[in-house]
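Enquirer: Sending over start34.tsv (TSV, C-alpha atoms and all ligand atoms).
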```
chain	number	residue	atom	x	y	z
U	1	MET	CA	-19.26	-11.55	13.17
U	2	SER	CA	-16.54	-8.96	13.35
U	3	TYR	CA	-14.80	-7.26	16.25
U	4	VAL	CA	-15.36	-3.78	14.81
U	5	SER	CA	-16.56	-1.42	17.52
U	6	HIS	CA	-16.94	1.82	15.56
U	7	LEU	CA	-15.45	4.20	13.01
U	8	GLU	CA	-13.36	7.06	14.33
U	9	CYS	CA	-12.33	10.32	12.70
U	10	ALA	CA	-8.54	10.43	12.53
U	11	LYS	CA	-8.67	14.24	12.81
U	12	CYS	CA	-11.30	15.23	15.36
U	13	GLY	CA	-11.82	11.87	17.07
U	14	LYS	CA	-15.60	11.77	16.63
U	15	HIS	CA	-17.15	8.28	16.59
U	16	TYR	CA	-19.55	6.86	14.00
U	17	HIS	CA	-21.53	3.68	13.75
U	18	SER	CA	-19.79	1.15	11.50
U	19	GLU	CA	-22.96	-0.14	9.85
U	20	GLU	CA	-23.66	3.23	8.25
U	21	VAL	CA	-22.19	3.92	4.83
U	22	ARG	CA	-19.62	6.60	5.55
U	23	GLN	CA	-17.10	8.62	3.57
U	24	LEU	CA	-15.21	11.48	5.26
U	25	CYS	CA	-16.08	12.83	8.70
U	26	PRO	CA	-19.17	15.04	8.28
U	27	GLU	CA	-17.85	17.36	11.03
U	28	CYS	CA	-14.31	18.07	9.85
U	29	SER	CA	-13.75	16.15	6.57
U	30	GLY	CA	-11.06	14.01	8.18
U	31	PRO	CA	-10.63	10.36	7.16
U	32	LEU	CA	-12.47	7.73	9.18
U	33	VAL	CA	-10.62	4.68	10.47
U	34	VAL	CA	-11.94	1.38	11.75
U	35	ARG	CA	-11.64	0.65	15.47
U	36	TYR	CA	-11.95	-2.81	17.00
U	37	ASP	CA	-12.78	-4.12	20.43
U	38	LEU	CA	-9.16	-5.08	20.92
U	39	GLU	CA	-9.77	-6.44	24.43
U	40	ALA	CA	-12.13	-9.01	22.96
U	41	VAL	CA	-9.71	-9.75	20.10
U	42	LYS	CA	-6.95	-10.28	22.66
U	43	GLU	CA	-9.10	-12.77	24.52
U	44	ASN	CA	-10.29	-14.73	21.49
U	45	PHE	CA	-7.48	-14.58	18.94
U	46	HIS	CA	-4.14	-16.28	19.49
U	47	LYS	CA	-1.02	-16.71	17.39
U	48	GLU	CA	-1.60	-20.48	17.35
U	49	ASP	CA	-4.95	-19.96	15.60
U	50	LEU	CA	-3.02	-18.96	12.50
U	51	LYS	CA	-1.37	-22.36	12.13
U	52	ASP	CA	-4.26	-23.96	10.27
U	53	ARG	CA	-5.42	-20.95	8.33
U	54	GLU	CA	-5.14	-20.24	4.62
U	55	PRO	CA	-2.02	-18.36	3.46
U	56	SER	CA	-4.04	-15.29	2.51
U	57	LEU	CA	-4.55	-11.96	4.22
U	58	TRP	CA	-7.95	-13.20	5.38
U	59	ARG	CA	-6.14	-15.33	7.94
U	60	TYR	CA	-6.24	-12.23	10.17
U	61	TRP	CA	-10.04	-12.30	10.21
U	62	GLU	CA	-10.36	-11.01	13.81
U	63	LEU	CA	-8.49	-7.83	12.84
U	64	LEU	CA	-10.51	-7.28	9.66
U	65	PRO	CA	-13.88	-5.52	9.27
U	66	LEU	CA	-15.98	-8.09	7.40
U	67	LYS	CA	-18.93	-9.55	9.34
U	68	ASP	CA	-20.05	-12.41	7.16
U	69	ARG	CA	-17.81	-14.71	5.11
U	70	LYS	CA	-20.50	-14.91	2.43
U	71	ASN	CA	-19.58	-11.35	1.41
U	72	LEU	CA	-15.91	-12.18	0.95
U	73	VAL	CA	-14.58	-11.18	-2.47
U	74	SER	CA	-11.23	-12.85	-2.89
U	75	LEU	CA	-8.91	-13.92	-5.69
U	76	GLY	CA	-6.18	-15.29	-3.41
U	77	GLU	CA	-4.16	-12.36	-2.13
U	78	GLY	CA	-1.63	-11.87	0.62
U	79	MET	CA	1.10	-13.84	2.40
U	80	THR	CA	3.59	-12.65	-0.17
U	81	PRO	CA	7.19	-13.87	0.03
U	82	MET	CA	9.81	-12.25	2.24
U	83	ILE	CA	13.01	-12.75	0.29
U	84	LYS	CA	16.49	-12.19	1.69
U	85	MET	CA	18.68	-10.10	-0.61
U	86	GLU	CA	21.80	-12.22	-0.27
U	87	LYS	CA	23.82	-10.29	-2.84
U	88	ALA	CA	22.09	-6.93	-3.21
U	89	GLY	CA	22.11	-6.45	0.59
U	90	PRO	CA	25.84	-6.87	1.30
U	91	ALA	CA	26.54	-4.91	-1.91
U	92	ILE	CA	25.26	-1.79	-0.11
U	93	GLY	CA	26.59	-2.73	3.32
U	94	LEU	CA	23.43	-4.37	4.67
U	95	ASN	CA	23.70	-7.93	5.95
U	96	ASN	CA	20.01	-8.40	6.66
U	97	LEU	CA	18.16	-6.84	3.77
U	98	TYR	CA	14.79	-8.34	2.80
U	99	LEU	CA	12.36	-7.70	-0.02
U	100	LYS	CA	8.70	-8.32	0.64
U	101	ASP	CA	7.37	-8.89	-2.84
U	102	GLU	CA	3.81	-7.81	-3.54
U	103	GLY	CA	4.28	-8.40	-7.26
U	104	ILE	CA	2.60	-11.82	-7.17
U	105	ILE	CA	-0.76	-10.54	-5.94
U	106	PRO	CA	-3.73	-10.54	-8.38
U	107	SER	CA	-3.34	-7.55	-10.71
U	108	GLY	CA	0.34	-7.43	-9.75
U	109	THR	CA	0.32	-4.84	-6.99
U	110	PHE	CA	-0.47	-4.54	-3.28
U	111	LYS	CA	-3.49	-2.41	-4.28
U	112	SER	CA	-5.45	-5.66	-4.38
U	113	ARG	CA	-5.09	-5.95	-0.60
U	114	GLY	CA	-7.09	-2.76	-0.26
U	115	ALA	CA	-9.49	-3.94	-2.94
U	116	THR	CA	-10.30	-7.36	-1.48
U	117	VAL	CA	-11.18	-5.84	1.89
U	118	GLY	CA	-12.71	-2.64	0.55
U	119	VAL	CA	-14.87	-4.35	-2.07
U	120	SER	CA	-15.94	-7.12	0.32
U	121	ARG	CA	-17.09	-4.57	2.84
U	122	ALA	CA	-18.76	-2.47	0.13
U	123	LYS	CA	-20.69	-5.57	-0.91
U	124	GLU	CA	-21.66	-6.21	2.68
U	125	LEU	CA	-22.96	-2.65	2.99
U	126	GLY	CA	-25.01	-3.02	-0.19
U	127	ILE	CA	-23.02	-0.67	-2.44
U	128	LYS	CA	-23.98	-0.94	-6.12
U	129	THR	CA	-21.58	1.51	-7.82
U	130	LEU	CA	-18.17	2.68	-6.71
U	131	ALA	CA	-16.06	5.47	-8.19
U	132	MET	CA	-12.38	6.32	-7.88
U	133	PRO	CA	-9.59	8.51	-9.17
U	134	THR	CA	-6.38	6.49	-9.56
U	135	ASN	CA	-2.83	6.51	-10.87
U	136	GLY	CA	-3.76	3.21	-12.50
U	137	ASN	CA	-3.00	0.35	-10.16
U	138	ALA	CA	-5.75	0.99	-7.63
U	139	GLY	CA	-8.30	1.37	-10.43
U	140	ALA	CA	-7.18	-1.93	-11.94
U	141	SER	CA	-7.49	-3.73	-8.60
U	142	TRP	CA	-10.85	-2.28	-7.60
U	143	SER	CA	-12.30	-2.87	-11.05
U	144	THR	CA	-11.08	-6.47	-10.91
U	145	TYR	CA	-12.56	-7.15	-7.48
U	146	GLY	CA	-15.65	-5.14	-8.39
U	147	ALA	CA	-16.22	-7.48	-11.32
U	148	ARG	CA	-16.08	-10.48	-9.03
U	149	ALA	CA	-18.43	-8.84	-6.55
U	150	GLY	CA	-20.94	-7.71	-9.18
U	151	ILE	CA	-20.34	-4.05	-8.26
U	152	LYS	CA	-20.04	-1.43	-11.00
U	153	SER	CA	-16.77	0.54	-11.05
U	154	VAL	CA	-16.30	4.02	-12.50
U	155	ILE	CA	-12.59	4.78	-12.83
U	156	VAL	CA	-10.82	8.02	-13.78
U	157	MET	CA	-7.06	8.00	-14.35
U	158	PRO	CA	-4.42	10.34	-15.86
U	159	GLN	CA	-3.84	9.60	-19.53
U	160	ASP	CA	-0.17	8.99	-18.70
U	161	ALA	CA	-0.96	6.16	-16.25
U	162	PRO	CA	0.56	2.74	-17.10
U	163	GLU	CA	-1.28	1.49	-20.17
U	164	ILE	CA	-1.83	-2.01	-18.85
U	165	THR	CA	-3.97	-0.64	-16.04
U	166	ARG	CA	-6.38	0.79	-18.62
U	167	ASN	CA	-6.71	-2.63	-20.17
U	168	GLU	CA	-7.37	-4.21	-16.80
U	169	CYS	CA	-10.16	-1.73	-16.05
U	170	ALA	CA	-11.64	-2.14	-19.52
U	171	ILE	CA	-11.65	-5.93	-19.63
U	172	THR	CA	-13.11	-6.25	-16.15
U	173	GLY	CA	-15.99	-4.03	-17.21
U	174	ALA	CA	-15.37	-0.67	-15.54
U	175	ASP	CA	-16.58	2.61	-16.99
U	176	LEU	CA	-13.12	4.06	-17.62
U	177	TYR	CA	-12.20	7.69	-18.27
U	178	LEU	CA	-8.79	9.25	-18.90
U	179	VAL	CA	-8.04	12.75	-17.75
U	180	ASP	CA	-5.65	15.23	-19.27
U	181	GLY	CA	-4.14	15.97	-15.85
U	182	LEU	CA	-2.97	14.43	-12.58
U	183	ILE	CA	-4.65	12.16	-10.02
U	184	SER	CA	-5.66	15.31	-8.14
U	185	ASP	CA	-7.63	16.42	-11.21
U	186	ALA	CA	-9.20	12.98	-11.53
U	187	GLY	CA	-10.20	13.29	-7.87
U	188	LYS	CA	-12.13	16.50	-8.48
U	189	ILE	CA	-14.00	14.98	-11.43
U	190	VAL	CA	-14.93	11.93	-9.37
U	191	ALA	CA	-16.06	14.10	-6.45
U	192	ARG	CA	-18.46	15.97	-8.73
U	193	ALA	CA	-19.88	12.74	-10.18
U	194	VAL	CA	-20.31	11.19	-6.74
U	195	GLN	CA	-22.17	14.29	-5.59
U	196	LYS	CA	-24.45	14.06	-8.59
U	197	TYR	CA	-25.17	10.32	-8.78
U	198	GLY	CA	-24.76	9.16	-5.19
U	199	TRP	CA	-22.01	6.64	-5.94
U	200	PHE	CA	-19.67	5.35	-3.27
U	201	ASP	CA	-16.41	7.33	-3.45
U	202	VAL	CA	-13.51	4.93	-2.86
U	203	SER	CA	-10.74	7.53	-3.29
U	204	THR	CA	-7.75	6.98	-1.01
U	205	LEU	CA	-8.94	7.38	2.60
U	206	LYS	CA	-12.40	8.63	1.61
U	207	GLU	CA	-13.78	5.31	2.80
U	208	PRO	CA	-12.52	3.47	5.90
U	209	TYR	CA	-11.86	-0.06	4.65
U	210	ARG	CA	-9.07	0.05	2.09
U	211	ILE	CA	-6.55	0.82	4.81
U	212	GLU	CA	-7.66	-2.34	6.66
U	213	GLY	CA	-6.58	-4.44	3.69
U	214	LYS	CA	-3.27	-2.65	3.38
U	215	LYS	CA	-2.50	-2.98	7.06
U	216	THR	CA	-2.18	-6.74	6.55
U	217	MET	CA	1.27	-6.06	5.07
U	218	GLY	CA	2.31	-5.05	8.58
U	219	LEU	CA	0.72	-8.15	10.12
U	220	GLU	CA	2.45	-10.41	7.60
U	221	ILE	CA	5.87	-8.83	8.02
U	222	VAL	CA	5.77	-9.47	11.75
U	223	GLU	CA	4.39	-12.99	11.41
U	224	GLN	CA	7.05	-13.81	8.81
U	225	PHE	CA	9.73	-12.73	11.28
U	226	ASN	CA	8.13	-14.91	13.92
U	227	TRP	CA	6.52	-11.98	15.77
U	228	GLU	CA	9.66	-9.92	16.01
U	229	VAL	CA	9.54	-6.56	14.34
U	230	PRO	CA	12.34	-5.61	11.93
U	231	ASP	CA	14.45	-2.50	12.60
U	232	VAL	CA	13.47	-0.56	9.50
U	233	ILE	CA	10.67	-0.76	6.91
U	234	LEU	CA	10.98	1.30	3.73
U	235	TYR	CA	7.83	2.07	1.82
U	236	PRO	CA	7.25	3.91	-1.51
U	237	THR	CA	4.81	6.57	-0.43
U	238	GLY	CA	2.12	8.18	-2.57
U	239	GLY	CA	-1.23	8.51	-0.81
U	240	GLY	CA	0.45	6.84	2.14
U	241	VAL	CA	-2.22	4.25	2.88
U	242	GLY	CA	0.37	1.49	3.05
U	243	ILE	CA	2.53	3.18	5.64
U	244	ILE	CA	-0.49	4.34	7.65
U	245	GLY	CA	-1.85	0.80	7.50
U	246	ILE	CA	1.41	-0.83	8.57
U	247	TYR	CA	1.64	1.54	11.54
U	248	LYS	CA	-1.97	0.81	12.49
U	249	ALA	CA	-1.29	-2.94	12.29
U	250	LEU	CA	1.69	-2.63	14.60
U	251	LYS	CA	-0.29	-0.60	17.15
U	252	GLU	CA	-3.07	-3.20	17.09
U	253	LEU	CA	-0.56	-6.04	17.53
U	254	GLN	CA	0.84	-4.20	20.54
U	255	ALA	CA	-2.66	-3.76	21.96
U	256	ILE	CA	-3.40	-7.49	21.74
U	257	GLY	CA	-0.01	-8.32	23.21
U	258	TRP	CA	1.47	-10.10	20.18
U	259	ILE	CA	4.49	-7.79	19.98
U	260	GLY	CA	6.36	-5.70	22.54
U	261	GLU	CA	7.24	-2.01	22.78
U	262	LYS	CA	9.74	-1.97	19.93
U	263	MET	CA	8.57	-0.41	16.66
U	264	PRO	CA	10.36	-0.55	13.32
U	265	ARG	CA	11.51	2.85	12.05
U	266	LEU	CA	9.18	3.64	9.15
U	267	VAL	CA	10.71	5.32	6.12
U	268	ALA	CA	8.60	7.10	3.50
U	269	VAL	CA	10.39	7.02	0.16
U	270	GLN	CA	9.25	9.40	-2.57
U	271	ALA	CA	10.49	10.47	-6.00
U	272	GLU	CA	12.44	13.71	-6.33
U	273	GLY	CA	9.85	14.84	-8.88
U	274	CYS	CA	7.04	14.53	-6.32
U	275	ALA	CA	8.16	14.64	-2.69
U	276	PRO	CA	5.64	16.59	-0.59
U	277	ILE	CA	5.98	14.28	2.43
U	278	VAL	CA	9.77	14.47	2.35
U	279	LYS	CA	9.65	18.25	2.25
U	280	ALA	CA	7.20	18.40	5.14
U	281	TRP	CA	9.32	15.99	7.19
U	282	GLN	CA	12.49	18.00	6.52
U	283	GLU	CA	10.70	21.11	7.74
U	284	GLY	CA	9.29	19.32	10.79
U	285	LYS	CA	5.73	20.01	9.67
U	286	LYS	CA	2.60	18.04	10.50
U	287	GLU	CA	1.06	18.35	7.04
U	288	SER	CA	2.38	18.61	3.49
U	289	GLU	CA	1.80	21.25	0.84
U	290	PHE	CA	0.59	20.61	-2.71
U	291	TRP	CA	3.56	19.70	-4.95
U	292	ASN	CA	3.48	21.58	-8.25
U	293	ASN	CA	4.45	20.01	-11.60
U	294	ALA	CA	4.71	16.52	-10.14
U	295	TYR	CA	6.49	14.03	-12.37
U	296	THR	CA	8.18	10.64	-11.91
U	297	CYS	CA	8.32	7.37	-13.85
U	298	ALA	CA	7.32	5.72	-10.55
U	299	PHE	CA	3.75	6.55	-11.41
U	300	GLY	CA	2.08	5.03	-8.35
U	301	ILE	CA	3.72	7.58	-6.08
U	302	THR	CA	2.82	10.67	-8.10
U	303	VAL	CA	0.53	12.13	-5.45
U	304	PRO	CA	0.99	15.92	-5.10
U	305	LYS	CA	-1.04	16.17	-1.89
U	306	ALA	CA	-2.22	13.19	0.13
U	307	LEU	CA	-5.39	13.40	2.21
U	308	GLY	CA	-3.68	11.32	4.88
U	309	ASP	CA	-0.37	13.21	4.87
U	310	PHE	CA	-0.72	14.06	8.57
U	311	LEU	CA	-1.10	10.38	9.41
U	312	VAL	CA	1.97	9.42	7.35
U	313	LEU	CA	4.03	12.11	9.06
U	314	ASP	CA	2.73	11.06	12.46
U	315	ALA	CA	3.78	7.44	11.80
U	316	ILE	CA	7.25	8.62	10.77
U	317	TYR	CA	7.71	10.88	13.81
U	318	LYS	CA	6.33	8.34	16.30
U	319	THR	CA	8.64	5.56	15.07
U	320	ASN	CA	11.75	7.76	14.71
U	321	GLY	CA	11.62	7.11	11.01
U	322	CYS	CA	12.48	9.47	8.19
U	323	ALA	CA	11.54	10.47	4.65
U	324	ILE	CA	13.82	10.53	1.63
U	325	ALA	CA	13.49	11.37	-2.07
U	326	ILE	CA	15.13	9.46	-4.94
U	327	GLY	CA	15.73	10.58	-8.53
U	328	ASP	CA	14.24	8.63	-11.44
U	329	GLU	CA	17.64	7.84	-12.91
U	330	ASP	CA	18.81	6.27	-9.64
U	331	LEU	CA	15.69	4.23	-9.11
U	332	LEU	CA	15.83	2.84	-12.63
U	333	LYS	CA	19.43	1.76	-11.98
U	334	ALA	CA	18.28	0.09	-8.76
U	335	GLN	CA	15.54	-1.71	-10.68
U	336	ALA	CA	18.16	-3.21	-12.99
U	337	VAL	CA	20.43	-4.19	-10.09
U	338	LEU	CA	17.69	-6.01	-8.17
U	339	ALA	CA	16.60	-7.86	-11.30
U	340	ALA	CA	20.10	-8.90	-12.35
U	341	GLN	CA	21.45	-9.75	-8.88
U	342	GLU	CA	18.39	-11.25	-7.25
U	343	GLY	CA	15.94	-12.11	-10.02
U	344	ALA	CA	13.57	-9.57	-8.52
U	345	PHE	CA	11.87	-7.62	-11.31
U	346	VAL	CA	10.30	-4.95	-9.13
U	347	CYS	CA	8.22	-1.91	-10.08
U	348	PRO	CA	9.95	1.50	-10.22
U	349	GLU	CA	8.25	2.50	-6.96
U	350	GLY	CA	9.73	-0.53	-5.22
U	351	ALA	CA	13.12	0.01	-6.83
U	352	SER	CA	13.39	3.45	-5.22
U	353	LEU	CA	13.60	1.70	-1.85
U	354	TYR	CA	16.87	0.04	-2.68
U	355	THR	CA	18.54	3.36	-3.49
U	356	ALA	CA	16.99	4.84	-0.34
U	357	ALA	CA	18.41	2.00	1.77
U	358	GLN	CA	21.82	2.54	0.21
U	359	LYS	CA	21.75	6.28	0.98
U	360	LEU	CA	20.56	5.77	4.54
U	361	ARG	CA	23.28	3.18	5.07
U	362	GLU	CA	25.91	5.60	3.74
U	363	GLN	CA	24.63	8.26	6.13
U	364	GLY	CA	24.88	5.77	9.00
U	365	TRP	CA	21.13	6.08	9.61
U	366	ILE	CA	20.83	2.32	9.09
U	367	LYS	CA	23.43	0.07	10.74
U	368	GLU	CA	25.15	-2.81	9.00
U	369	ASP	CA	23.37	-5.63	10.83
U	370	GLU	CA	19.95	-4.11	11.23
U	371	LYS	CA	17.03	-6.04	9.79
U	372	VAL	CA	15.65	-3.97	6.93
U	373	VAL	CA	12.54	-4.61	4.81
U	374	LEU	CA	11.99	-3.11	1.37
U	375	LEU	CA	8.28	-3.26	0.67
U	376	ASN	CA	8.09	-3.78	-3.06
U	377	THR	CA	4.56	-2.72	-3.91
U	378	GLY	CA	4.25	-4.30	-7.34
U	379	THR	CA	5.70	-6.22	-10.24
U	380	GLY	CA	7.94	-4.68	-12.87
U	381	LEU	CA	5.78	-6.43	-15.45
U	382	LYS	CA	3.25	-3.61	-15.18
U	383	TYR	CA	5.82	-1.07	-16.38
U	384	PRO	CA	7.36	-2.55	-19.54
U	385	GLU	CA	8.30	0.94	-20.77
U	386	THR	CA	10.80	1.49	-17.93
U	387	VAL	CA	13.10	-1.19	-19.33
U	388	LYS	CA	15.05	-0.31	-22.44
U	389	VAL	CA	16.61	-3.26	-24.21
U	390	ASN	CA	18.70	-3.64	-27.28
U	391	VAL	CA	18.35	-7.19	-28.56
U	392	PRO	CA	20.30	-8.55	-31.54
U	393	LEU	CA	18.13	-9.97	-34.31
U	394	LEU	CA	19.39	-13.23	-35.79
U	395	GLN	CA	18.76	-14.68	-39.22
U	396	PRO	CA	18.09	-18.45	-39.19
U	397	ASN	CA	21.65	-19.22	-40.30
U	398	ASP	CA	23.42	-16.85	-37.87
U	399	ASP	CA	25.44	-18.22	-34.95
U	400	ILE	CA	25.45	-16.71	-31.50
U	401	PRO	CA	28.72	-15.65	-29.90
U	402	GLU	CA	29.99	-17.32	-26.75
U	403	ALA	CA	28.09	-16.28	-23.57
F	501	LIG	C1	-0.32	3.12	-5.14
F	501	LIG	C2	1.07	2.67	-5.21
F	501	LIG	C3	2.03	3.11	-4.28
F	501	LIG	C4	1.73	4.10	-3.21
F	501	LIG	O1	0.87	3.57	-2.26
F	501	LIG	P1	0.23	4.39	-1.09
F	501	LIG	O2	-0.09	3.36	-0.07
F	501	LIG	O3	-0.97	5.08	-1.62
F	501	LIG	O4	1.25	5.36	-0.60
F	501	LIG	C5	3.29	2.56	-4.37
F	501	LIG	N1	3.62	1.67	-5.34
F	501	LIG	C6	2.74	1.24	-6.25
F	501	LIG	C7	3.17	0.26	-7.28
F	501	LIG	C8	1.43	1.73	-6.22
F	501	LIG	O5	0.55	1.29	-7.12
F	502	ZN	ZN	-13.71	14.68	12.19
```
Represent the structure contained in this file as C-alpha cells.
Expert:
Amino acid sequence: MSYVSHLECAKCGKHYHSEEVRQLCPECSGPLVVRYDLEAVKENFHKEDLKDREPSLWRYWELLPLKDRKNLVSLGEGMTPMIKMEKAGPAIGLNNLYLKDEGIIPSGTFKSRGATVGVSRAKELGIKTLAMPTNGNAGASWSTYGARAGIKSVIVMPQDAPEITRNECAITGADLYLVDGLISDAGKIVARAVQKYGWFDVSTLKEPYRIEGKKTMGLEIVEQFNWEVPDVILYPTGGGVGIIGIYKALKELQAIGWIGEKMPRLVAVQAEGCAPIVKAWQEGKKESEFWNNAYTCAFGITVPKALGDFLVLDAIYKTNGCAIAIGDEDLLKAQAVLAAQEGAFVCPEGASLYTAAQKLREQGWIKEDEKVVLLNTGTGLKYPETVKVNVPLLQPNDDIPEA
C-alpha cells in the first residue's frame, strides 16, 4: 500500500485521482504533484523505523508513491555520501562545507532517483512506452531503468548532449533521436509524437512521479545531519525538479513532525549562459522568461524555460534563498580545485556550486560557520571533454623526473 491521497495541480489546486494515468492538469496545464495522507504517515512512520532499512532511497517508502513492492525497479540508488570539504571549505572561508555526491548513483547522476521512482510507478500503472526530451542524463537514466522494467523508451536529445549519454540510451535499447537544437526543441518533437502515438510523456514535470524520487535528496540530507537541517543548500538548477523536490521533502518532514520550523535557504545556481531563474529572481518575478541563445558546458542545466519555474522561485522566496549565475570559466576552475583538493571529480553543474558558495561568502550572504551543502548532481566521468590534459609520452628507456 501507499499513503498517496491524490494528485494536485500545483497551479490551480484541482485534485485528481492517483490511479489514473495523468500528465499535466487538463484544466490549466499546470504540473501535478503527489499528495499523501501525512496524518497517517505521521502516525505510522517513525525515525526509528529507518534503522533496519536498506541504504537506498526506498527506505522512505511511506513518503513514496509506489503501492506494491513487486513493481519496484531498482538498481541500488540513493543514500549517497555527505562529504565534508576539509580543505576546499576553509579555502573559501567556510568551516562547515559539505558535498553530497550523487556521482556514485547508477548512470552517474541523480537523474536515476527520478527514474527509479518514475519508472516503478509507470510500471505499476501499466505504461508500455515512455517518451522524453532530455539534455542527456535523464534520458540515460530513464532508458536504463526502462530496460530493467521492460518498458520501451523513446529519447530525443540535442546533438551536443554529452556523448556518453547517447551510448547509455543506445545500449539499454531506447529508440534514440538527436535534434539539431535545444532541449526545448526536443520537447516539441516529443509532444507531437506523444499526441500521435499515445505514449507516456515523461518530460520534466509532465508526470507527477519523477519529483518524488528527487525529493529523497532532501530526506537524505536531513537524515544524514541527524534530523537537523543545514543552513544553506546550493543546487545546480535546470528544470528545477531537484530544488522543488527538496523543498517538498522538507515541507513533508515538517508536516510529520520530524523537523522543526527552520528551513535551509535554498540557492538556485545557474550558468551565465543560461540563467532564466536568476534573472527572474533578480527582478522579483514569479515566473521566468525564455532565455535566448542558451549555452554552457554545464549541459544538464541548459534549460531556457522550465515548466516548473514558478515552483523553483516560490521555494527560493519562501526559504529566503537566492539565485546566482556562474561563468563557464569559473566553474571549470572550481571543478579542478575540488578534484585536486578533495578527490571529488564532480560534474560541471556541481562544480558551479563551489564558485557560487565562494561568491555568496564574499558577499556575506553565507556566514563563516554556517552549515552549507553543495549538491553535486553527477560524476565528472560523464564529461571527459571538460578536462584538458597535457600528458608527457615516455619511450621505454626514458626516466621520469622527480615528483
Ligand atoms: C538534469 C541535471 C541538472 C538539473 O536538474 P534539475 O533538477 O532539472 O534542475 C543538474 N545537474 C545535472 C548533472 C543534471 O543532469
Ligand atoms: Zn490546474
Enquirer: Check every protein, DNA and RNA residue against ligand ZN 502 (chain F), keep those with an atom at most 10 Å away (counting only C-alpha atoms and all ligand atoms), and present them as a list in words.
Expert: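 Residues satisfying the distance criterion: Glu8, Cys9, Ala10, Lys11, Cys12, Gly13, Lys14, His15, Tyr16, Leu24, Cys25, Pro26, Glu27, Cys28, Ser29, Gly30, Pro31 and Leu32 of chain U.
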Enquirer: Go ahead and write the selection's residues with C-alpha atoms as a CSV table (one decimal), keeping the file's coordinate frame.
Expert:
```csv
chain,number,residue,atom,x,y,z
U,8,GLU,CA,-13.4,7.1,14.3
U,9,CYS,CA,-12.3,10.3,12.7
U,10,ALA,CA,-8.5,10.4,12.5
U,11,LYS,CA,-8.7,14.2,12.8
U,12,CYS,CA,-11.3,15.2,15.4
U,13,GLY,CA,-11.8,11.9,17.1
U,14,LYS,CA,-15.6,11.8,16.6
U,15,HIS,CA,-17.2,8.3,16.6
U,16,TYR,CA,-19.6,6.9,14.0
U,24,LEU,CA,-15.2,11.5,5.3
U,25,CYS,CA,-16.1,12.8,8.7
U,26,PRO,CA,-19.2,15.0,8.3
U,27,GLU,CA,-17.8,17.4,11.0
U,28,CYS,CA,-14.3,18.1,9.8
U,29,SER,CA,-13.8,16.2,6.6
U,30,GLY,CA,-11.1,14.0,8.2
U,31,PRO,CA,-10.6,10.4,7.2
U,32,LEU,CA,-12.5,7.7,9.2
```
Enquirer: Would you list the contacts of segment 58-72 of chain U as a ChimeraX atom specification, taking every protein, DNA or RNA residue within 8 Å and counting all atoms listed in the file, but skipping same-chain residues closer than 5 positions in sequence?
Expert: /U:1-4,34,36,41,45,50,53,116-117,120-121,123-124,209,212-213,216
Enquirer: Residues as selected, C-alpha atoms, written as an mmCIF file, in the coordinates of the input, can you do that?
Expert:
```cif
data_model
loop_
_atom_site.group_PDB
_atom_site.id
_atom_site.type_symbol
_atom_site.label_atom_id
_atom_site.label_comp_id
_atom_site.auth_asym_id
_atom_site.auth_seq_id
_atom_site.Cartn_x
_atom_site.Cartn_y
_atom_site.Cartn_z
ATOM 1 C CA MET U 1 -19.260 -11.550 13.170
ATOM 2 C CA SER U 2 -16.540 -8.960 13.350
ATOM 3 C CA TYR U 3 -14.800 -7.260 16.250
ATOM 4 C CA VAL U 4 -15.360 -3.780 14.810
ATOM 5 C CA VAL U 34 -11.940 1.380 11.750
ATOM 6 C CA TYR U 36 -11.950 -2.810 17.000
ATOM 7 C CA VAL U 41 -9.710 -9.750 20.100
ATOM 8 C CA PHE U 45 -7.480 -14.580 18.940
ATOM 9 C CA LEU U 50 -3.020 -18.960 12.500
ATOM 10 C CA ARG U 53 -5.420 -20.950 8.330
ATOM 11 C CA THR U 116 -10.300 -7.360 -1.480
ATOM 12 C CA VAL U 117 -11.180 -5.840 1.890
ATOM 13 C CA SER U 120 -15.940 -7.120 0.320
ATOM 14 C CA ARG U 121 -17.090 -4.570 2.840
ATOM 15 C CA LYS U 123 -20.690 -5.570 -0.910
ATOM 16 C CA GLU U 124 -21.660 -6.210 2.680
ATOM 17 C CA TYR U 209 -11.860 -0.060 4.650
ATOM 18 C CA GLU U 212 -7.660 -2.340 6.660
ATOM 19 C CA GLY U 213 -6.580 -4.440 3.690
ATOM 20 C CA THR U 216 -2.180 -6.740 6.550
#
```
Enquirer: Please extract the residues at most 8 Å from ligand LIG 501 (chain F), counting all atoms listed in the file, and provide them as a PyMOL selection string, using the chain letters and residue numbers of this document.
Expert: chain U and resi 109-111+135-138+204+214+235-244+298-301+347-350+376-379
Enquirer: With a distance cut-off of 9 Å and all atoms listed in the file, select the neighbouring residues of Gly218 of chain U, excluding the residue or stretch itself and same-chain residues fewer than 4 positions from it, and output the selection as a ChimeraX atom specification.
Expert: /U:214,222-223,242-243,245-250
Enquirer: Looking at U:Ala357, U:Leu182, U:Ala161, U:Leu125, which one is nearest to Lys305 of chain U, with distances taken over all atoms listed in the file?
Expert: U:Leu182
